[in-house]
Amino acid sequence: MVRRAQSGNGQWPGQDRDTGPVSARRRVGLDVPIETKLHAPAARAGWVERPGLIQALASATTRLVLVDAPAGFGKTTVVAQWRSSPDEGRPFAWVSLDEGDNDPGRLWWHVVCALQRACPGFAAEDILASLRGQISAVTGLVLPLVVNELAALGAPVLLVLDDYQVIKERCCHEQVEFLLAHLPPSAQLVLITRSDPPLPLSRLRAAGALTEIRARELRFTPEQAATLTHAVSGVELGEPDLAVLMDRTEGWPAGMYLAALSLRGHPSPHAFVRQFSGNNRFIVDFLTQEVLGRQPRKIRQFLARTSVLDRFCAPLCDAVSGSGNAAEILDTLERENLFIVSLDDTRQWFRYHHLFAQTLRSLLMRTEPDLVPALHRNASAWHRQHGSADEAIGHAVTAGDLTQATELIASDWFAYVDSGQIATVRRWMRSIGDDQIAVTPLAAHCAAWAAVYSGARQPARRWLPVIEAAEHEGPLPDGMRSLQSSAALLRSLYGFDGFRVTRESAAMAAKLEDDPASPWYALARGALGFSLYMSGEPHAAKQPLQEAASSQASPTLTHLAALSTLSLIALDAGRLTEAGELAETACGLVRRDDLSPATSASLAYVAAGAVHAAQGRLDQARRELERVIESRRRVPGISPWSALEATLRLAQVLLGAGDRDGAAELASEAREVLTALPDGAVAQQARLEALEHQLASRRRPAPSAESLTDREAAVLRLLRSTLSLRDIGQEMFISPNTVKTHTQAIYRKLGVSTRREAVDRARHLGLR
């Protein structure tokens with residue numbers, strides 16, 4: 001039987017029926033999950049029955065089931081047997097993880113899809129909609145929705161995450177820990193992994209919430225080894241030979257399986273057993289000769305050349321290896337159980353057993369090392385043609401073709417960022433490497449924007465001069481007019497050098513990005529409008545902001561930032577109803593796409609807080625504005641200006657509520673920002689001076705400085721330094737909030753409202 005990688009309507013994977021080329025969202029795999037990741041291995045006749053392990057797993061009632069052992073111990077097989085056991089009736093939601101799942105957006109997308117397939121009653125639509133946001137607040141919104149849906153099911157379900165050792169991102173582990181802590185009693189999490197995950201295993205173990213299956217339990221017994229050997233090779237080993245083989249392999253299931261394959265047709269099983277080495281490395285070397293050596297040359301060549309692929313179908317194998325009959329070869333390999341694993345129910349996509357793939361790659365490096373880059377280039381070209389940008393980029397990098405990889409990244413980075421997969425883009429840039437980025441303006445362009453969307457100021461500033469020094473003309477692959485436009489947009493959006501440069505750069509970007517159908521047109525006008533508003537020209541800001549808000553191509557963050565700024569303009573002009581409607585529309589976009597307050601979405605909360613304040617609802621205003629400031633303290637982001645707007649407005653709210661000390665602390669923070677970035681900030685300086693004048697008029701008489709506590713005196717001494725409040729906390733081994741409390745007490749006791757005044761007052765009083 002020859003299998004083809006076409007669908008039933010004759011289309012190749014990744015091709016849309018009507019349009020041909022895949023859409024950006026299809027390319028990033030959001031609306032169409034990778035189906036092969038959601039299937040457990042199908043039951044096979046050659047599997048060794050392990051009733052003891054299956055019973056132990058089926059009877060486990062703990063929150064976490066951890067199947068943890070080195071490669072080749074049959075972890076996935078045991079869990080798959082448990083799933084297909086006649087005594088197990090619960091549904092299994094299965095996700096086979098890969099390195100791409102270090103992106104939280106992609107990880108939880110596939111988890112939710114797996115749960116939906118396993119439990120039709122699991123309502124996934126709202127959760128998937130949340131994951132489509134640009135930067136998903138997974139722990140704050142997505143996971144509570146998942147937990148609530150699991151609880152609402154009522155029926156039991158098991159969520160299996162296979163190959164969990166590939167997950168390296170700390171945030172992903174923290175999210176899994178959150179899920180574990182809130183799982184309803186009817187749900188269990190099963191982790192299959194080669195190494196201990198960074199989860200609170202000791203606490204779970206002590207609480208009786210952990211079931212562990214490790215290498216000791218997974219090792220074959222002599223009876224199981226004998227069963228496997230006979231099933232695979234047709235040879236019945238005597239007890240002495242079986243004991244030797246068990247001793248050499250230490251019950252390692254993969255080693256036993258490889259040995260049994262080598263025994264097929266061997267003229268002297270006894271001699272084979274006596275020659276069999278017991279060290280894993282030597283086992284692999286030995287089987288390279290004994291297993292692969294028995295295959296025809298063309299099959300060995302096919303296996304070695306296709307081992308560069310993490311997953312493959314027949315057309316991909318043909319494109320990479322030049323075989324021309326990959327479907328027939330794959331059918332033969334599967335029939336002979338030659339370490340090929342089916343990844344879907346239709347048996348179109350496969351992978352090699354991990355250890356077998358490693359052996360094949362070693363063979364390839366010994367026999368055809370010069371061919372390896374070409375194989376990866378072929379794989380990259382095929383994946384690019386069929387819409388898998390991530391795999392196309394990975395193979396281009398491995399091939400050493402960093403120019404091609406950069407072109408691919410430049411074409412697809414915005415689609416990934418716009419769909420919440422910024423971690424994937426950062427991974428691409430790390431694979432390119434800083435040395436290459438430093439000499440490749442297009443790579444620097446991608447790296448700078450990835451840094452910007454991640455809130456990493458220093459990398460963005462590092463790559464900006466590389467972009468500005470380039471002579472690249474014409475449109476970029478992502479649709480920007482030029483690298484000059486990219487640099488202008490970067491400077492205009494994030495205020496690196498003060499308002500004058502921000503405003504000039506925004507005007508330049510708006511001039512260059514003149515296509516209303518481009519998202520960069522909307523972005524440039526939104527940046528220009530915001531810079532004009534913050535420069536004290538709200539009337540001039542309205543038109544570019546309205547153009548940004550009304551553009552059909554406007555990205556979500558651009559749209560809501562424009563609406564939020566228009567709300568502030570309307571509010572300052574006394575149009576309270578209009579301001580409220582605009583703020584509510586902006587906040588609706590935040591809720592719809594689950595956007596974090598640490599992003600440009602913070603402006604929506606600023607607008608909402610300002611409207612509440614104008615309506616006299618000071619408590620609500622305070623909550624909204626504090627949300628922005630607290631999130632920005634945790635994740636400072638690139639631009640200080642939306643946080644400054646929140647700081648000044650919250651200070652007014654606190655002053656109106658009678659919290660003079662809190663308002664004075666915020667005024668001090670605003671003064672630090674404007675002292676560092678004074679250029680062009682005349683309007684903001686005037687706002688701050690008016691606030692400081694109000695604070696001075698309400699100053700209380702200072703009690704005796706002798707009332708300072710020892711800890712307050714220590715804080716006061718450090719206030720004379722250039723350390724931030726956060727740094728002072730680290731110096732004194734106390735939290736930033738505690739430092740803030742001490743600072744407010746110092747201000748109150750000394751009768752001052754700013755850090756500078758406190759230092760001057762202390763010097764006047766002779767305090768040391």
# chains A, B, ... in the order shown; residues from 1 in each chain; ligands from 1
$ residues_around --residues "region 563-573 of chain A" --least-positions-apart "2" --cutoff "8 Å" --atoms "only C-alpha atoms" --output "PyMOL selection string"
chain A and resi 530+533+538+542+545-546+549+559-561+575-576+578-583+585-586+603-604+606-607+610-611+614
$ write_last_selection --atoms "N, CA and C atoms" --output "CSV table (one decimal), in the first residue's frame"
chain,number,residue,atom,x,y,z
A,530,PHE,N,-0.1,60.0,19.7
A,530,PHE,CA,0.2,59.9,21.1
A,530,PHE,C,1.3,60.9,21.5
A,533,TYR,N,-0.1,64.3,21.7
A,533,TYR,CA,-0.9,64.5,22.9
A,533,TYR,C,0.0,64.7,24.2
A,538,PRO,N,-3.3,68.4,22.1
A,538,PRO,CA,-4.3,67.4,21.9
A,538,PRO,C,-5.1,67.7,20.6
A,542,LYS,N,-5.6,64.7,17.4
A,542,LYS,CA,-6.9,63.9,17.1
A,542,LYS,C,-6.9,63.3,15.7
A,545,LEU,N,-4.7,60.1,15.3
A,545,LEU,CA,-5.3,59.1,16.2
A,545,LEU,C,-6.6,58.5,15.6
A,546,GLN,N,-7.4,59.3,15.0
A,546,GLN,CA,-8.6,58.8,14.4
A,546,GLN,C,-8.3,58.0,13.2
A,549,ALA,N,-7.2,54.6,14.6
A,549,ALA,CA,-8.3,53.9,15.1
A,549,ALA,C,-9.3,53.3,14.1
A,559,HIS,N,-4.9,49.9,17.7
A,559,HIS,CA,-6.3,50.3,17.8
A,559,HIS,C,-6.7,50.8,19.2
A,560,LEU,N,-6.3,50.0,20.2
A,560,LEU,CA,-6.8,50.3,21.5
A,560,LEU,C,-6.0,51.5,22.1
A,561,ALA,N,-4.7,51.6,21.7
A,561,ALA,CA,-3.9,52.8,22.2
A,561,ALA,C,-4.4,54.1,21.6
A,575,ARG,N,-15.6,66.4,27.6
A,575,ARG,CA,-16.6,65.6,26.9
A,575,ARG,C,-16.6,64.2,27.6
A,576,LEU,N,-17.2,64.2,28.8
A,576,LEU,CA,-17.1,63.0,29.7
A,576,LEU,C,-17.8,61.8,29.1
A,578,GLU,N,-18.3,61.0,25.9
A,578,GLU,CA,-17.5,60.5,24.8
A,578,GLU,C,-16.3,59.8,25.3
A,579,ALA,N,-15.7,60.4,26.3
A,579,ALA,CA,-14.5,59.8,26.9
A,579,ALA,C,-14.8,58.4,27.5
A,580,GLY,N,-15.9,58.3,28.2
A,580,GLY,CA,-16.3,57.0,28.7
A,580,GLY,C,-16.5,55.9,27.7
A,581,GLU,N,-17.2,56.3,26.6
A,581,GLU,CA,-17.5,55.3,25.5
A,581,GLU,C,-16.2,54.9,24.9
A,582,LEU,N,-15.3,55.8,24.6
A,582,LEU,CA,-14.0,55.4,24.0
A,582,LEU,C,-13.2,54.5,25.0
A,583,ALA,N,-13.1,54.8,26.2
A,583,ALA,CA,-12.4,54.0,27.2
A,583,ALA,C,-13.0,52.6,27.3
A,585,THR,N,-14.7,51.0,25.0
A,585,THR,CA,-14.3,50.2,23.8
A,585,THR,C,-12.9,49.7,23.9
A,586,ALA,N,-12.0,50.5,24.3
A,586,ALA,CA,-10.6,50.1,24.4
A,586,ALA,C,-10.5,49.0,25.4
A,603,LEU,N,-2.7,51.7,28.4
A,603,LEU,CA,-3.3,53.0,28.2
A,603,LEU,C,-4.9,52.8,28.3
A,604,ALA,N,-5.4,51.7,28.0
A,604,ALA,CA,-6.9,51.5,28.2
A,604,ALA,C,-7.2,51.6,29.7
A,606,VAL,N,-5.5,53.3,31.9
A,606,VAL,CA,-5.3,54.7,32.3
A,606,VAL,C,-6.5,55.5,31.9
A,607,ALA,N,-7.0,55.3,30.7
A,607,ALA,CA,-8.2,56.0,30.3
A,607,ALA,C,-9.4,55.7,31.2
A,610,ALA,N,-9.0,57.4,34.5
A,610,ALA,CA,-9.2,58.9,34.4
A,610,ALA,C,-10.7,59.2,34.3
A,611,VAL,N,-11.5,58.4,33.6
A,611,VAL,CA,-12.9,58.6,33.5
A,611,VAL,C,-13.5,58.4,34.8
A,614,ALA,N,-12.9,61.4,36.9
A,614,ALA,CA,-13.7,62.6,36.5
A,614,ALA,C,-15.2,62.4,37.0
$ select_by_dssp --residues "region 97-185 of chain A" --states "helix (DSSP H, G or I)" --output "ChimeraX atom specification"
/A:99-102,104-118,125-131,138-153,164-166,170-182
$ residues_around --residues "Asn325 (chain A)" --least-positions-apart "6" --cutoff "10 Å" --atoms "only C-alpha atoms" --output "list in words"
Val2, Ala314, Pro315, Cys317 and Asp318 of chain A
$ write_last_selection --atoms "N, CA and C atoms" --output "PDB file, in the first residue's frame"
ATOM      1  N   VAL A   2       0.605   2.172  -0.882  1.00  0.00           N
ATOM      2  CA  VAL A   2       1.378   3.399  -0.967  1.00  0.00           C
ATOM      3  C   VAL A   2       0.551   4.519  -0.363  1.00  0.00           C
ATOM      4  N   ALA A 314       5.618  11.257   3.500  1.00  0.00           N
ATOM      5  CA  ALA A 314       6.277  10.744   2.299  1.00  0.00           C
ATOM      6  C   ALA A 314       6.751  11.860   1.364  1.00  0.00           C
ATOM      7  N   PRO A 315       5.924  12.873   1.036  1.00  0.00           N
ATOM      8  CA  PRO A 315       6.427  13.926   0.143  1.00  0.00           C
ATOM      9  C   PRO A 315       7.629  14.672   0.719  1.00  0.00           C
ATOM     10  N   CYS A 317       9.893  13.430   2.780  1.00  0.00           N
ATOM     11  CA  CYS A 317      11.045  12.534   2.648  1.00  0.00           C
ATOM     12  C   CYS A 317      11.572  12.515   1.221  1.00  0.00           C
ATOM     13  N   ASP A 318      10.666  12.486   0.249  1.00  0.00           N
ATOM     14  CA  ASP A 318      11.097  12.514  -1.151  1.00  0.00           C
ATOM     15  C   ASP A 318      11.858  13.802  -1.462  1.00  0.00           C
TER      16      ASP A 318
END
$ residues_around --residues "Leu158 (chain A)" --least-positions-apart "3" --cutoff "6 Å" --atoms "only C-alpha atoms" --output "list in words"
Phe92, Ala187, Gln188 and Leu189 of chain A
$ residues_around --residues "Val273 (chain A)" --least-positions-apart "2" --cutoff "8 Å" --atoms "only C-alpha atoms" --output "ChimeraX atom specification"
/A:241,244-245,269-271,275-276
$ residues_around --residues "Ala470 (chain A)" --least-positions-apart "6" --cutoff "9 Å" --atoms "only C-alpha atoms" --output "compact mmCIF listing (two decimals) with C-alpha atoms, in the first residue's frame"
# COMPACT_ATOMS: atom_id res chain seq x y z
CA THR A 440 22.79 41.91 9.09
CA PRO A 441 20.46 44.93 9.21
CA LEU A 442 17.38 42.87 8.34
CA LEU A 483 14.69 50.05 7.34
CA GLN A 484 14.56 53.83 7.72
$ atom_distance --atom1 "CA of Glu712 (chain A)" --atom2 "CA of Val673 (chain A)"
24.7 Å
$ residues_around --residues "Arg462 (chain A)" --least-positions-apart "5" --cutoff "10 Å" --atoms "only C-alpha atoms" --output "list in words"
Ala438, Ala444, Ala447, Ala448, Arg457 and Ile467 of chain A
$ write_last_selection --atoms "C-alpha atoms" --output "PDB file, in the first residue's frame"
ATOM      1  CA  ALA A 438      25.185  42.716  14.323  1.00  0.00           C
ATOM      2  CA  ALA A 444      18.733  43.511  13.502  1.00  0.00           C
ATOM      3  CA  ALA A 447      15.637  41.351  16.708  1.00  0.00           C
ATOM      4  CA  ALA A 448      14.808  44.929  17.687  1.00  0.00           C
ATOM      5  CA  ARG A 457      14.847  47.905  26.239  1.00  0.00           C
ATOM      6  CA  ILE A 467      19.207  49.357  11.360  1.00  0.00           C
TER       7      ILE A 467
END
$ closest_residue --among "A:Asp68, A:Asp401, A:Glu471, A:Asp87" --to "Pro51 (chain A)" --atoms "only C-alpha atoms"
A:Asp87
$ atom_distance --atom1 "CA of Arg426 (chain A)" --atom2 "CA of Ala450 (chain A)"
6.2 Å
